[in-house]
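> Below is the structure I would like to discuss, written out as structure tokens.
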Amino acid sequence: MKRTRLLALLAVLAIVVAACGGGTGDETTTTAGTGGDDVTTTSSDDTTETTAPPIGDGAGEGGHLLLLQWQAPSQANPYLSTGTKDIQAGSMVLEPLAEYNTEGEIVPALATEIPTVENGGISEDLTTITWTFEDGVLWSDGSPLTADDFVFTWEYCSNEETGCISPAFTEVTNVEAVDDTTVTITFDSATPWPYVPFVGATEPVLQRAQFADCVGAAATGCTDQNFRPVGTGPFTVTELRPEDTVLYEMNPNYRKISEGKPFFGTAEIKGGGDAEATARSVLEIGEADYAWNLQVAPEILDPMVAAGNGTILVGFNTSVEHLNLNQTDPDADPISEYQGDPLAPTGGTNPFFYQNQVLHDALSMAINRQEMVDVAYGAAGEPTCNMWPVPGPALSTTNDWCLTQDIEAANALLEDNGYVDTDGDGVRETPDGLPLEFEVVTSTNAVRQSEQDLIAVYWEQIGVATSMRNEDASLFFDGTAASDASIWKFFTDIELYTNSAVGSDAQGYFQSNLASEVPNEANSWGGGNVVRLADERFESTFQELSQASLEDPNRNELIKQLNDLHTEYSVIPLVNRGSVSAFANSLDGYVDVNGWDSELWNIEDWVRN
Amino acid sequence: MGRYIVRRTLFAIPTLVVISLIIFAILDLAPGDPTSQLPLTLPAEVRERIRESLGFNDPFFIRWVKWMQLMFVNEPLNAIDSSFGTCIGDCENRARIISWSSRAPALDIIWQRLPQTLWVLGIAFVIGILIAIPVGVYSAYKQYSMFDNVGTFVTMVGFSVPVFFTGVLAIVIFAVWLKWFPSFYTTTHVVDWTSWDSIWFQIKQMIMPITVLSLFNAAALSRFTRASVLDNLNEDYVRTARSKGLRENKVVMTHVMRNSMIPVVTLIALQVPGIFAGAIITEQIFRINGLGQLLIAAIGQSDVPMVQTLTFMFAFLIVVFNLIADVTYGVMDPRIRYD
């Protein structure tokens, strides 16, 4: 009977281990010294279909909120995060002084008002900014929030060994607690845009009492703190399982409880699967309330919306999908590097694209951006001709000719400038006889591959031959020196990807395109000027902008000029990409998708009808 | 047999060391940046700082030796301490293998995920066996009958149709149209064995993935069982047993089964590590967030310590279950003698 015994043993073993494991389902990760976790509330019971109407205006009586993020959070400390998924998880709990609203404007969060030069919050010489926050704000453990916590957060992030991902404090020399509710931040030089430290979900305040032992190299070992940070926000983390789920419950010490906020008593961010599956859960099945980052083709997403359980909303910011035309030569030695000073190079310039507006305009004119949006993005994209696409007084209109595809004009432009097909193979050559054959590289992604297909077809019609390649995102966006496929090395002719700015700071955005930011071997491919733009006019215009004060009306003009110089010959903007999220019909109060900050920035206002 | 086991175990140790070196080397040579998922707006100095703080830039050999020490000394000590509440050595400050993306000890995360992997995949595996063996035996016994032909057809289909198709189909039918079952698995649901609702919720969320997986497992195993039983049904001892006057039931269930199960049990033992590696695709589709999904997520984020730990764990399980399979084979078949 050994056979049956063995089989029976195997079966029993599997069930016993599973049962033991399942029973103690919340074996969370803890460091030595921290207690075990209490059992968490289960998320099973409340679904969107069966919640009872709220009982009065009491906070926390609205039941359970189920949020789906297909990229699951790894931990909840935004300063150590590996992506937006973690920042969103943290934003339910942690708060900054100010945040971005859906229009890209900075509005107070913990602070009482936004400091400006007029109200004396920013010093005349633009080197200090003073924030005041409300009195009586408590951390979720009941202790009071003081200015010292902000000082501590700065110490935490500016310690090199912590591995803090935020660049906000690199130019800050001091953060001082003037009194219990006032903080003064000092920069190392005049900073016209000081709204970076403590603004946005990436820069919240951490509690000194909790994180005191987590500064520097010790930051990595602070699992409990990173998973369950103490915050001033509407929720607290009850349990966090990395790459899986985060469970929250209402913060009993939240300052807006008297207003009945937050509406929900418990919440959950459930991760896993892919974007399509999360969209299906909200829109077709109605088993969840919100799905984030729906990078799904419109032909799949639109029928789901028709099911009638939810809506899709798009939040736009500065993300622009664009083509980089390599200004350096990927075939020269050294590859993709200027020889000498980028502003006056002795060699290494790209024989096709270097400061060549004619070729750039022809390539841009040939692209049908609206078709690209219809095929690949649907509601999540808008055609654009600008790298700074934000609606408002700083939006340039000089490039809008690109919105209309004009193959004839493109062909004419090339013919008139000596780009003729001399050998009859359908591919034009430059006046020097080099055939217009380019390699276009992007990340592996269905949307991007369909963009590549369209571009290949458009450019074929103007006599430009292309070969398309794609690389895995982890290699394409690999910032170390190890990956030869990275966007920074640019060992190819043309790249396709999305760039975006930090918040709504145009100056900071264009700063990364200065000649001093060109990536090369010497700086370990670390510069932000990936396309290797090196233009005297750009440099001097940027200088002007950096010296203009925030209230100077000329700033908008300068931003437009920088945008135009940037897009003149080196980049071809294609689509302004928005973040797409799905909301259940029973949900309200979210207003819109916030493309500038965490989409859960106003989670305390979310209610269920 | 005892000597054989000891000898195999001793051989396993250098095998595992070499495996760990190979895994380490491959992952080290592969390009991959733990900061690749961070916003592009991040300046290079900040990225470099992060990599430094993760230990990314240390030379290969140092990292391997450190990892070996953590994996073979620190982690077992930690496991003993947390299971038995002891404190061996410097238990407060003992270093552990840390995942780069969550900055938490890798083995804690793995341990946290075992329940869902075992619940769903373990049960699917067991059910697969429970379906496959009777079906295989009966198909062989009544070879070319209607049962056998239908069984052959169904198992061929079950084996050929990929899990990502049947899984999504099941979701569309049962979750979208009929709304009987949830389309995703809630890992935080703690089963309260006294509450029927709680148990029913767990069953409901497991039914679809288990059905999909067990059909797939059963298909392969039932073919194998059938072949094995067919081999044995034509043996002389079966004819002898029948002519002795034994009941058919006893002939098949006792004598034939015993012999047929030898290769089948070996095969099952070899498939057990597969439970832990997880049915990666099924876990993705149903959002079960088990070990397979963890591996994929870690690879995508270039979380090298997590990938190393997981792949080494799977290698360890394969080595161990290979040994178990060989030993089981020797135990079940008296003709086999290891020495």
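Letters A, B, ... go to the chains of the structure tokens in the order shown; residues in each chain start at 1; ligands are counted from 1 in the same order.
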Compute the chain B side of the contact with chain A at 6 Å, counting only C-alpha atoms, and hand it back as number ranges by chain.

B: 31-33, 36-38, 44, 49-50, 53, 92, 102-104, 108, 112, 115, 118-119, 122, 176, 189-190, 284-285, 287, 289

> Considering only C-alpha atoms, return as a ChimeraX atom specification whatever protein or nucleic-acid residues lie within 9 Å of stretch 207-218 of chain B, sequence-local ones (same chain, fewer than 3 positions apart) excluded.

/B:120-121,123-133,135,155,158-163,166-167,170-171,174,181,183,202-204,221-223,279,282-283,285-286,288

> Just C-alpha atoms for this one: save the residues we selected as a PDB file, in the first residue's frame.


ATOM      1  CA  VAL B 120      -4.671  27.668  -5.315  1.00  0.00           C
ATOM      2  CA  LEU B 121      -1.897  25.828  -7.063  1.00  0.00           C
ATOM      3  CA  ILE B 123      -5.188  22.296  -4.508  1.00  0.00           C
ATOM      4  CA  ALA B 124      -5.243  22.461  -8.292  1.00  0.00           C
ATOM      5  CA  PHE B 125      -2.330  20.046  -8.363  1.00  0.00           C
ATOM      6  CA  VAL B 126      -4.030  17.625  -5.980  1.00  0.00           C
ATOM      7  CA  ILE B 127      -7.336  17.802  -7.828  1.00  0.00           C
ATOM      8  CA  GLY B 128      -5.494  17.320 -11.077  1.00  0.00           C
ATOM      9  CA  ILE B 129      -3.997  14.116  -9.727  1.00  0.00           C
ATOM     10  CA  LEU B 130      -7.333  12.957  -8.344  1.00  0.00           C
ATOM     11  CA  ILE B 131      -8.932  13.418 -11.737  1.00  0.00           C
ATOM     12  CA  ALA B 132      -6.057  12.165 -13.847  1.00  0.00           C
ATOM     13  CA  ILE B 133      -5.361   8.841 -12.209  1.00  0.00           C
ATOM     14  CA  VAL B 135      -9.411   8.678 -15.750  1.00  0.00           C
ATOM     15  CA  THR B 155      -7.208  15.638 -22.620  1.00  0.00           C
ATOM     16  CA  GLY B 158      -7.032  20.447 -22.357  1.00  0.00           C
ATOM     17  CA  PHE B 159      -3.359  20.056 -23.007  1.00  0.00           C
ATOM     18  CA  SER B 160      -3.267  22.084 -26.215  1.00  0.00           C
ATOM     19  CA  VAL B 161      -5.438  25.010 -25.276  1.00  0.00           C
ATOM     20  CA  PRO B 162      -3.271  27.405 -23.319  1.00  0.00           C
ATOM     21  CA  VAL B 163      -4.148  28.511 -19.835  1.00  0.00           C
ATOM     22  CA  THR B 166      -9.162  29.152 -20.862  1.00  0.00           C
ATOM     23  CA  GLY B 167      -8.546  31.503 -17.958  1.00  0.00           C
ATOM     24  CA  ALA B 170     -13.647  31.515 -17.738  1.00  0.00           C
ATOM     25  CA  ILE B 171     -13.520  35.102 -16.496  1.00  0.00           C
ATOM     26  CA  PHE B 174     -18.407  33.380 -15.102  1.00  0.00           C
ATOM     27  CA  PHE B 181     -17.411  34.451  -9.198  1.00  0.00           C
ATOM     28  CA  SER B 183     -12.532  37.974 -11.401  1.00  0.00           C
ATOM     29  CA  GLN B 202     -12.676  31.572  -0.345  1.00  0.00           C
ATOM     30  CA  ILE B 203     -14.118  28.747  -2.413  1.00  0.00           C
ATOM     31  CA  LYS B 204     -15.754  31.160  -4.826  1.00  0.00           C
ATOM     32  CA  LEU B 221      -0.902  13.169 -16.177  1.00  0.00           C
ATOM     33  CA  SER B 222      -3.851  11.109 -17.376  1.00  0.00           C
ATOM     34  CA  ARG B 223      -2.122  10.334 -20.671  1.00  0.00           C
ATOM     35  CA  ALA B 279       1.560  28.935 -12.779  1.00  0.00           C
ATOM     36  CA  THR B 282      -2.683  31.906 -14.263  1.00  0.00           C
ATOM     37  CA  GLU B 283      -1.496  34.062 -11.402  1.00  0.00           C
ATOM     38  CA  ILE B 285      -4.807  36.489 -15.128  1.00  0.00           C
ATOM     39  CA  PHE B 286      -6.550  35.957 -11.831  1.00  0.00           C
ATOM     40  CA  ILE B 288      -3.445  35.687  -7.383  1.00  0.00           C
TER      41      ILE B 288
END

> Considering only alpha helix (DSSP H) as DSSP defines it on the backbone, what residues of stretch 93-194 of chain B qualify? List them as a PyMOL selection string.

chain B and resi 106-116+123-141+146-160+163-170

> I need the residues from that last selection saved to file as an mmCIF file, in the first residue's frame (with C-alpha atoms), if you can.


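Below you can see out.cif, which holds the result:
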data_model
loop_
_atom_site.group_PDB
_atom_site.id
_atom_site.type_symbol
_atom_site.label_atom_id
_atom_site.label_comp_id
_atom_site.auth_asym_id
_atom_site.auth_seq_id
_atom_site.Cartn_x
_atom_site.Cartn_y
_atom_site.Cartn_z
ATOM 1 C CA ALA B 106 13.088 38.986 0.476
ATOM 2 C CA LEU B 107 12.264 35.801 2.335
ATOM 3 C CA ASP B 108 9.577 37.513 4.401
ATOM 4 C CA ILE B 109 7.830 38.548 1.224
ATOM 5 C CA ILE B 110 8.155 35.050 -0.197
ATOM 6 C CA TRP B 111 6.794 33.537 2.997
ATOM 7 C CA GLN B 112 3.897 35.976 2.910
ATOM 8 C CA ARG B 113 2.989 34.772 -0.569
ATOM 9 C CA LEU B 114 3.167 31.065 0.016
ATOM 10 C CA PRO B 115 -0.439 30.767 1.250
ATOM 11 C CA GLN B 116 -2.041 31.880 -1.981
ATOM 12 C CA ILE B 123 -5.188 22.296 -4.508
ATOM 13 C CA ALA B 124 -5.243 22.461 -8.292
ATOM 14 C CA PHE B 125 -2.330 20.046 -8.363
ATOM 15 C CA VAL B 126 -4.030 17.625 -5.980
ATOM 16 C CA ILE B 127 -7.336 17.802 -7.828
ATOM 17 C CA GLY B 128 -5.494 17.320 -11.077
ATOM 18 C CA ILE B 129 -3.997 14.116 -9.727
ATOM 19 C CA LEU B 130 -7.333 12.957 -8.344
ATOM 20 C CA ILE B 131 -8.932 13.418 -11.737
ATOM 21 C CA ALA B 132 -6.057 12.165 -13.847
ATOM 22 C CA ILE B 133 -5.361 8.841 -12.209
ATOM 23 C CA PRO B 134 -8.851 7.349 -12.256
ATOM 24 C CA VAL B 135 -9.411 8.678 -15.750
ATOM 25 C CA GLY B 136 -6.065 7.307 -16.944
ATOM 26 C CA VAL B 137 -6.621 3.911 -15.358
ATOM 27 C CA TYR B 138 -10.123 3.504 -16.702
ATOM 28 C CA SER B 139 -9.126 4.685 -20.156
ATOM 29 C CA ALA B 140 -6.403 2.062 -20.256
ATOM 30 C CA TYR B 141 -8.642 -0.635 -18.892
ATOM 31 C CA MET B 146 -16.197 5.447 -25.839
ATOM 32 C CA PHE B 147 -14.808 6.577 -22.511
ATOM 33 C CA ASP B 148 -11.262 6.229 -23.777
ATOM 34 C CA ASN B 149 -11.911 8.095 -27.015
ATOM 35 C CA VAL B 150 -13.752 10.931 -25.355
ATOM 36 C CA GLY B 151 -11.118 11.041 -22.654
ATOM 37 C CA THR B 152 -8.361 11.211 -25.231
ATOM 38 C CA PHE B 153 -10.107 14.032 -27.020
ATOM 39 C CA VAL B 154 -10.740 16.037 -23.880
ATOM 40 C CA THR B 155 -7.208 15.638 -22.620
ATOM 41 C CA MET B 156 -5.754 16.594 -25.977
ATOM 42 C CA VAL B 157 -7.845 19.738 -25.986
ATOM 43 C CA GLY B 158 -7.032 20.447 -22.357
ATOM 44 C CA PHE B 159 -3.359 20.056 -23.007
ATOM 45 C CA SER B 160 -3.267 22.084 -26.215
ATOM 46 C CA VAL B 163 -4.148 28.511 -19.835
ATOM 47 C CA PHE B 164 -4.282 32.167 -20.793
ATOM 48 C CA PHE B 165 -7.123 31.362 -23.137
ATOM 49 C CA THR B 166 -9.162 29.152 -20.862
ATOM 50 C CA GLY B 167 -8.546 31.503 -17.958
ATOM 51 C CA VAL B 168 -9.758 34.605 -19.736
ATOM 52 C CA LEU B 169 -12.657 32.653 -21.211
ATOM 53 C CA ALA B 170 -13.647 31.515 -17.738
#

> Excluding stretch 71-88 of chain B and residues on its chain fewer than 4 positions from it, collect all residues at most 8 Å away from it, counting only C-alpha atoms, and give them as an MDAnalysis selection string.

chainID B and resid 67 94:97 107

> Atom CA of A:Phe133 to atom CA of A:Lys256: how many Å, to one decimal?

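Going from atom CA of A:Phe133 over to atom CA of A:Lys256 covers 14.5 Å.
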
> Residues of stretch 115-302 of chain A in strand (DSSP E or B) according to DSSP, as number ranges by chain?

A: 122, 128-133, 138, 144, 172-179, 182-187, 199, 235-241, 245-250, 266-271, 290-292
